[in-house]
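*Asks:* Below is the file upload39.txt, with compact mmCIF, C-alpha atoms.
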# COMPACT_ATOMS: atom_id res chain seq x y z
CA MET L 365 -20.95 -29.17 15.93
CA ALA L 366 -17.19 -29.71 15.88
CA TYR L 367 -17.07 -28.51 12.27
CA PHE L 368 -18.93 -25.30 13.19
CA LEU L 369 -16.63 -24.65 16.17
CA GLU L 370 -13.57 -25.18 14.00
CA LEU L 371 -14.90 -22.73 11.42
CA LEU L 372 -15.80 -20.25 14.16
CA ILE L 373 -12.38 -20.34 15.83
CA SER L 374 -10.52 -20.36 12.52
CA GLY L 375 -12.59 -17.41 11.31
CA ALA L 376 -12.01 -15.39 14.47
CA LEU L 377 -8.23 -15.96 14.33
CA THR L 378 -8.11 -15.20 10.60
CA GLY L 379 -10.06 -12.03 11.31
CA LEU L 380 -7.49 -10.97 13.88
CA MET L 381 -4.83 -11.56 11.23
CA TYR L 382 -6.84 -9.26 8.94
CA SER L 383 -6.83 -6.67 11.71
CA LEU L 384 -3.02 -6.54 11.51
CA VAL L 385 -3.40 -5.22 7.96
CA ALA L 386 -6.33 -2.99 8.87
CA LEU L 387 -4.42 -1.45 11.77
CA GLY L 388 -2.02 0.32 9.39
CA PHE L 389 -5.02 1.77 7.53
CA VAL L 390 -6.54 3.07 10.78
CA LEU L 391 -3.22 4.45 12.08
CA ILE L 392 -2.87 6.66 9.01
CA TYR L 393 -6.51 7.74 8.99
CA LYS L 394 -6.51 8.47 12.73
CA SER L 395 -3.25 10.43 12.41
CA ALA L 396 -3.56 12.11 9.02
CA GLY L 397 -7.24 11.87 8.14
CA VAL L 398 -6.51 10.18 4.79
CA PRO L 399 -7.76 6.73 3.66
CA ASN L 400 -4.69 4.71 2.67
CA LEU L 401 -5.46 2.34 -0.19
CA ALA L 402 -1.80 1.33 -0.42
CA GLN L 403 -1.78 -0.66 2.82
CA GLY L 404 -2.08 -4.02 1.05
CA ALA L 405 1.01 -3.29 -1.03
CA LEU L 406 2.82 -2.03 2.08
CA VAL L 407 2.20 -5.40 3.74
CA MET L 408 3.50 -7.16 0.63
CA THR L 409 6.56 -4.89 0.50
CA ALA L 410 7.19 -5.42 4.21
CA GLY L 411 7.03 -9.20 3.71
CA TYR L 412 9.59 -8.93 0.92
CA ALA L 413 11.73 -6.71 3.17
CA VAL L 414 11.76 -9.35 5.94
CA TRP L 415 12.66 -12.07 3.43
CA LEU L 416 15.39 -9.91 1.85
CA VAL L 417 17.03 -9.13 5.19
CA MET L 418 16.86 -12.83 6.09
CA SER L 419 18.61 -13.64 2.79
CA TRP L 420 21.59 -11.65 4.07
CA GLY L 421 22.07 -14.39 6.65
CA LEU L 422 20.38 -12.69 9.59
CA ASN L 423 18.09 -14.47 12.03
CA VAL L 424 14.38 -13.82 11.47
CA TRP L 425 14.03 -12.10 14.87
CA ILE L 426 16.78 -9.68 13.85
CA ALA L 427 15.41 -9.36 10.32
CA ILE L 428 11.99 -8.20 11.53
CA PRO L 429 13.28 -5.13 13.49
CA VAL L 430 15.61 -4.26 10.59
CA ALA L 431 12.70 -4.53 8.14
CA ALA L 432 10.59 -2.39 10.51
CA ALA L 433 13.25 0.33 10.41
CA ILE L 434 13.34 0.09 6.60
CA MET L 435 9.56 0.38 6.32
CA PHE L 436 9.43 3.27 8.79
CA GLY L 437 11.96 5.09 6.61
CA PHE L 438 9.94 4.18 3.52
CA GLY L 439 6.88 5.79 5.11
CA LEU L 440 8.83 8.99 5.71
CA VAL L 441 10.00 8.98 2.08
CA VAL L 442 6.42 8.51 0.82
CA GLU L 443 5.31 11.56 2.81
CA ARG L 444 8.25 13.69 1.68
CA LEU L 445 8.20 12.86 -2.03
CA LEU L 446 4.49 12.21 -2.68
CA LEU L 447 2.08 13.36 -0.01
CA ARG L 448 3.71 16.71 0.72
CA ARG L 449 3.05 17.70 -2.88
CA MET L 450 -0.66 17.07 -2.31
CA VAL L 451 -1.07 19.70 0.42
CA GLY L 452 -4.16 21.77 -0.33
CA GLN L 453 -5.51 19.27 -2.87
CA PRO L 454 -8.93 17.59 -2.51
CA VAL L 455 -8.93 14.44 -0.35
CA ILE L 456 -10.07 12.35 -3.33
CA MET L 457 -6.80 13.18 -5.09
CA VAL L 458 -4.78 11.94 -2.10
CA VAL L 459 -6.85 8.74 -2.09
CA MET L 460 -6.13 8.26 -5.80
CA LEU L 461 -2.44 8.82 -5.07
CA THR L 462 -2.43 6.01 -2.48
CA LEU L 463 -4.26 3.77 -4.95
CA GLY L 464 -1.60 4.54 -7.56
CA LEU L 465 1.10 3.69 -5.01
CA GLU L 466 -0.67 0.38 -4.32
CA ILE L 467 -0.67 -0.53 -8.02
CA LEU L 468 2.95 0.60 -8.48
CA LEU L 469 4.32 -1.42 -5.54
CA ARG L 470 2.24 -4.47 -6.47
CA GLY L 471 4.00 -4.64 -9.82
CA LEU L 472 7.41 -3.15 -9.01
CA VAL L 473 8.46 -5.09 -5.90
CA PRO L 474 7.72 -8.62 -7.23
CA GLY L 475 9.24 -7.55 -10.56
CA ILE L 476 12.54 -6.71 -8.85
CA LEU L 477 12.69 -9.38 -6.15
CA GLY L 478 10.86 -12.18 -7.94
CA SER L 479 7.24 -13.28 -8.11
CA THR L 480 7.72 -16.84 -6.84
CA PRO L 481 6.62 -17.28 -3.19
CA LYS L 482 9.39 -16.50 -0.70
CA PRO L 483 9.42 -18.47 2.58
CA ILE L 484 9.58 -16.82 5.99
CA ASP L 485 10.25 -19.26 8.81
CA LEU L 486 9.20 -17.88 12.18
CA GLY L 487 9.89 -21.18 13.89
CA ILE L 488 6.19 -21.88 14.36
CA ASP L 489 5.27 -25.57 14.24
CA PHE L 490 2.90 -26.32 11.35
CA ALA L 491 1.22 -29.10 13.36
CA PRO L 492 -2.19 -27.82 14.51
CA ILE L 493 -3.29 -27.58 18.11
CA ILE L 494 -5.96 -30.24 18.67
CA ILE L 495 -8.69 -29.68 21.27
CA GLY L 496 -11.15 -32.51 21.10
CA ASP L 497 -12.28 -32.66 17.48
CA VAL L 498 -11.26 -29.05 16.77
CA PHE L 499 -8.02 -28.22 14.91
CA ILE L 500 -6.47 -24.78 15.49
CA ASN L 501 -3.79 -23.33 13.21
CA ARG L 502 -0.78 -22.29 15.29
CA THR L 503 0.23 -19.40 13.01
CA SER L 504 -3.27 -17.94 13.14
CA LEU L 505 -3.37 -18.35 16.93
CA TYR L 506 -0.04 -16.59 17.45
CA GLY L 507 -1.01 -13.98 14.86
CA GLY L 508 -4.23 -13.28 16.74
CA ILE L 509 -2.33 -12.83 20.00
CA VAL L 510 0.17 -10.47 18.33
CA ALA L 511 -2.72 -8.51 16.79
CA LEU L 512 -4.29 -7.96 20.21
CA LEU L 513 -0.95 -6.86 21.66
CA LEU L 514 -0.32 -4.46 18.78
CA VAL L 515 -3.80 -2.95 19.08
CA GLY L 516 -3.23 -2.49 22.81
CA ALA L 517 0.10 -0.78 22.13
CA SER L 518 -1.60 1.51 19.58
CA LEU L 519 -4.24 2.53 22.13
CA LEU L 520 -1.51 3.41 24.61
CA PHE L 521 0.42 5.30 21.92
CA PHE L 522 -2.49 7.62 21.15
CA ARG L 523 -2.56 8.59 24.82
CA THR L 524 1.01 9.87 24.65
CA ARG L 525 1.99 13.43 23.80
CA LEU L 526 2.99 12.46 20.25
CA GLY L 527 -0.20 10.45 19.77
CA THR L 528 -2.27 13.45 20.86
CA LYS L 529 -0.50 15.60 18.28
CA LEU L 530 -1.23 13.08 15.55
CA ARG L 531 -4.93 13.03 16.48
CA ALA L 532 -4.97 16.83 16.40
CA VAL L 533 -3.51 16.79 12.88
CA SER L 534 -6.21 14.36 11.79
CA ASP L 535 -8.93 16.65 13.14
CA ASP L 536 -7.72 19.91 11.59
CA HIS L 537 -4.50 20.56 9.65
CA VAL L 538 -4.82 24.36 9.73
CA SER L 539 -5.43 24.54 13.49
CA SER L 540 -2.51 22.17 14.05
CA TRP L 541 -0.23 24.44 12.03
CA ALA L 542 -1.52 27.41 14.03
CA VAL L 543 -0.48 25.90 17.36
CA GLY L 544 2.97 24.92 16.10
CA ILE L 545 2.47 21.26 15.24
CA SER L 546 4.43 20.11 12.18
CA VAL L 547 1.69 18.54 10.07
CA GLU L 548 4.17 17.17 7.53
CA ARG L 549 6.22 15.46 10.25
CA ALA L 550 3.07 14.04 11.86
CA ILE L 551 1.85 12.58 8.57
CA GLY L 552 5.29 11.11 7.90
CA ILE L 553 5.34 9.47 11.33
CA SER L 554 1.86 8.02 10.77
CA TRP L 555 3.02 6.43 7.51
CA GLY L 556 6.12 5.14 9.27
CA LEU L 557 3.98 3.54 11.98
CA ALA L 558 1.76 1.97 9.31
CA GLY L 559 4.94 0.57 7.78
CA ILE L 560 5.90 -1.04 11.09
CA ALA L 561 2.42 -2.58 11.40
CA ALA L 562 2.83 -3.82 7.83
CA VAL L 563 6.04 -5.63 8.80
CA VAL L 564 4.26 -7.58 11.53
CA ALA L 565 1.39 -8.43 9.18
CA GLY L 566 3.74 -9.29 6.31
CA ALA L 567 5.90 -11.56 8.47
CA LEU L 568 2.95 -13.50 9.90
CA TRP L 569 1.00 -13.80 6.65
CA GLY L 570 4.26 -14.54 4.81
CA SER L 571 5.07 -17.39 7.19
CA SER L 572 1.60 -18.81 6.54
CA GLN L 573 1.37 -18.57 2.75
CA GLY L 574 4.74 -17.32 1.53
CA VAL L 575 5.62 -13.82 0.34
CA ASP L 576 4.51 -12.84 -3.14
CA TRP L 577 2.20 -10.34 -4.83
CA THR L 578 -0.91 -12.04 -3.40
CA LEU L 579 -0.18 -10.50 0.01
CA SER L 580 -1.36 -7.19 -1.46
CA THR L 581 -4.85 -8.66 -1.96
CA LEU L 582 -5.26 -8.57 1.84
CA LEU L 583 -6.29 -4.95 1.27
CA PHE L 584 -9.80 -6.13 0.33
CA PRO L 585 -10.72 -7.86 3.63
CA ALA L 586 -8.80 -5.15 5.53
CA VAL L 587 -11.01 -2.46 3.98
CA ALA L 588 -14.06 -4.46 5.07
CA VAL L 589 -12.63 -4.58 8.60
CA VAL L 590 -12.04 -0.83 8.87
CA ILE L 591 -15.40 0.06 7.32
CA LEU L 592 -17.23 -2.26 9.69
CA GLY L 593 -15.22 -1.37 12.80
CA GLY L 594 -14.83 2.34 12.00
CA VAL L 595 -12.05 3.95 9.98
CA ASP L 596 -10.86 6.01 12.94
CA SER L 597 -11.27 3.37 15.65
CA VAL L 598 -8.34 1.26 16.83
CA PRO L 599 -10.53 -1.09 18.94
CA GLY L 600 -12.81 -1.33 15.90
CA VAL L 601 -10.18 -3.28 13.96
CA VAL L 602 -10.44 -6.10 16.53
CA VAL L 603 -14.23 -6.30 16.53
CA GLY L 604 -14.46 -5.70 12.78
CA GLY L 605 -11.70 -8.21 12.11
CA ILE L 606 -13.36 -10.95 14.14
CA LEU L 607 -16.76 -10.34 12.49
CA VAL L 608 -15.33 -10.25 8.97
CA GLY L 609 -13.22 -13.33 9.67
CA VAL L 610 -16.06 -15.34 11.21
CA LEU L 611 -18.64 -14.43 8.56
CA GLY L 612 -16.08 -14.94 5.79
CA THR L 613 -15.23 -18.42 7.09
CA VAL L 614 -18.43 -19.87 8.51
CA ILE L 615 -20.75 -18.90 5.63
CA PRO L 616 -18.41 -20.16 2.85
CA GLY L 617 -17.79 -23.26 4.95
CA TYR L 618 -21.40 -24.27 4.34
CA LEU L 619 -22.13 -22.56 1.00
CA ASP L 620 -18.95 -23.25 -1.02
CA SER L 621 -19.94 -26.86 -1.65
CA ILE L 622 -23.31 -25.67 -2.96
CA ALA L 623 -22.23 -22.59 -4.91
CA GLY L 624 -19.01 -24.09 -6.24
CA GLY L 625 -16.65 -21.89 -4.19
CA SER L 626 -15.57 -18.23 -4.10
CA THR L 627 -18.34 -17.14 -1.72
CA ARG L 628 -15.82 -15.57 0.70
CA ASP L 629 -15.35 -12.54 -1.56
CA VAL L 630 -19.11 -12.23 -1.96
CA VAL L 631 -19.58 -12.21 1.81
CA THR L 632 -16.83 -9.60 2.24
CA SER L 633 -18.40 -7.41 -0.46
CA LEU L 634 -21.81 -7.64 1.21
CA ILE L 635 -20.28 -6.63 4.55
CA ILE L 636 -18.85 -3.50 2.93
CA LEU L 637 -22.06 -2.59 1.10
CA LEU L 638 -24.43 -3.22 4.02
CA THR L 639 -22.22 -1.36 6.50
CA ILE L 640 -22.03 1.69 4.24
CA MET L 641 -25.80 1.65 3.73
CA VAL L 642 -26.81 1.06 7.37
CA ARG L 643 -23.99 2.56 9.45
CA PRO L 644 -21.49 4.36 7.19
CA PHE L 645 -19.25 5.42 10.09
CA GLY L 646 -18.89 1.83 11.35
CA ILE L 647 -19.56 0.24 14.72
CA PHE L 648 -17.12 2.35 16.72
CA GLY L 649 -16.37 5.12 14.21
CA ARG L 650 -17.02 8.77 14.94
CA GLU L 651 -19.97 10.32 13.13
CA ASP L 652 -19.08 13.78 11.90
CA ILE L 653 -22.07 16.06 11.36
CA GLU L 654 -21.51 19.13 9.21
CA ARG L 655 -23.86 22.10 9.32
CA ILE L 656 -24.79 23.57 5.96
Would you put the structure from the file into C-alpha cells?

*Replies:*
Amino acid sequence: MAYFLELLISGALTGLMYSLVALGFVLIYKSAGVPNLAQGALVMTAGYAVWLVMSWGLNVWIAIPVAAAIMFGFGLVVERLLLRRMVGQPVIMVVMLTLGLEILLRGLVPGILGSTPKPIDLGIDFAPIIIGDVFINRTSLYGGIVALLLVGASLLFFRTRLGTKLRAVSDDHVSSWAVGISVERAIGISWGLAGIAAVVAGALWGSSQGVDWTLSTLLFPAVAVVILGGVDSVPGVVVGGILVGVLGTVIPGYLDSIAGGSTRDVVTSLIILLTIMVRPFGIFGREDIERI
C-alpha cells in the first residue's frame, strides 16, 4: 500500500510539473488560437537562459526574473519575424512553423551553450519529505505548488481587460481587427507570456534533472496534458496534468518490471489516442460546432 501511495503522490506532483509546460501551450492557444509545438524547446531555452544569467554571477532569484524578461522579448521577436509573415495562411502551416522552431531551438541552443547538463540550484533540499513509509520529492512538491499558483494567476489574467482582448483574438482575428484590437500585438504578448511560463518550468525541471536538450522532450507529456484537459482550458492543465502524471507513474510502476521498462511513453501515447477518439475537445475544452 505504501508503494502505491508513493507512486500516486509522485505521479500527481510530476503531473503538476508537466502542467507548467502545458500552460504555455494553452496560453498561446487561448490567446492566438494556434497550437504551439515549440513549447518544449521554449522550456529548454528558458532553462538555458536561467543558467546563463546565473553564470554572470547573479543570484538565482534575480536570474529567473531576468530570464523571464529575456524570454518575453524572445516571444515578441518570434511573432514579429516569423508568425506575422503567416497571416492569412492555413493554420496547418503555422503549426508546421512552430514545429520547425522546436527542431531549430533543440539543436541550436545546446550547440551554442553546450550539450552537457547545466545545474540550476534553487536552494531546495534534495532530501525527501518522509511521511510514514512514503517518500515525497521536495522539488516536485514545490513545483506542484508553483504550478497551482501560476494557473490561478492565469485565470485571473484572462479576466482582465488585456486577457479579454486576447480571448477575442483567439475567437476571431477579423472581428478583433474590426473593433480596433491589434491582433499582431496580442499574439506577440501571448508568446511572451508562454515564454515566462517556460522560464518557471525550465528552472524547476532544470533544478531536478539539469538543463540540456532533454528538457525539450517534455513537449510529449505536455501535449498529452493539453489534449486530455482541453487545449483552450487553463484549469484543464491541472486536471490533465494530474491524470497524465498519475497514470504515467502508477502503471509503469507495476508494469516496467514485467515489460522491461519504457511503458511510460506507451501510456502517454494511449492517453493521447483514446482522448482524441472519445472526447477530442478534452475534459474541459470547448466543443466548436460548425454548420455546413

*Asks:* With only C-alpha atoms as the basis for distance, which of L:Gly527, L:Gly604, L:Gly552, L:Gly478 is at the shortest distance from Val587 (chain L)?

*Replies:*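 Checking each of L:Gly527, L:Gly604, L:Gly552, L:Gly478 against Val587 (chain L), counting only C-alpha atoms, the winner is L:Gly604.
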
*Asks:* Report as number ranges by chain all protein, DNA and RNA residues lying within 12 Å of Thr627 (chain L), evaluated on all atoms listed in the file, omitting residues in the same chain fewer than 3 positions from it.

*Replies:* L: 611-624, 630-634

*Asks:* Can you sort out the box for region 552-563 of chain L, edges along x, y and z, all listed atoms in, 6 Å on every side, with centre and edge lengths in Å to one decimal, as AutoDock Vina command-line options?

*Replies:*
--center_x 3.9 --center_y 2.7 --center_z 9.7 --size_x 16.4 --size_y 28.7 --size_z 16.5

*Asks:* Residues near Pro429 (chain L), anyone? I mean within 10 Å using all atoms listed in the file, not counting same-chain ones fewer than 3 positions away, as JSON, numbers by chain.

*Replies:* {"L": [414, 417, 424, 425, 426, 432, 433, 434, 435, 560, 563, 564]}

*Asks:* Just checking: using all atoms listed in the file, which residue out of L:Arg525, L:Arg470, L:Arg531, L:Arg449 ends up closest to Val390 (chain L)?

*Replies:*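 When distances to Val390 (chain L) are compared using all atoms listed in the file, the smallest one comes from L:Arg531.
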
*Asks:* Between L:Ala491, L:Val595, L:Ala588, L:Ile606, single out the one closest to Ile635 (chain L), counting all atoms listed in the file.

*Replies:*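 The answer is L:Ala588, which sits nearest to Ile635 (chain L).
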
*Asks:* Between CA of Val575 (chain L) and CA of Met418 (chain L), what is the distance in Å, rounded to a tenth?

*Replies:*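 Interatomic distance, CA of Val575 (chain L) to CA of Met418 (chain L): 12.7 Å.
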
*Asks:* Got a sec: who's within 7 Å of Leu377 (chain L), counting all atoms listed in the file, leaving out chain neighbours fewer than 3 positions off, as an MDAnalysis selection string?

*Replies:* chainID L and resid 373:374 380:381 504:505 508

*Asks:* Place a sphere of radius 12 Å on (-16.0, -6.8, 17.3) in the file coordinates and name every protein, DNA or RNA residue with an atom inside or on its surface, counting only C-alpha atoms; give the answer as number ranges by chain.

*Replies:* L: 376, 379-380, 383, 589-590, 592-594, 597-611, 646-648

*Asks:* Counting only C-alpha atoms, find residues at most 10 Å from (3.0, -13.3, 6.8) (file frame) and give them as an MDAnalysis selection string.

*Replies:* chainID L and resid 381 407:408 410:412 414 483:486 503 507 562:575 579

*Asks:* What does the structure give for the distance between CA of Gly544 (chain L) and CA of Leu387 (chain L), in Å to one decimal?

*Replies:*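 The value is 27.7 Å.
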
*Asks:* Smallest atom-to-atom distance to Ala386 (chain L): which of L:Ala402, L:Leu519, L:Gly437, L:Lys529, using all atoms listed in the file?

*Replies:*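 Going through L:Ala402, L:Leu519, L:Gly437, L:Lys529 one by one, the smallest distance to Ala386 (chain L) is for L:Ala402.
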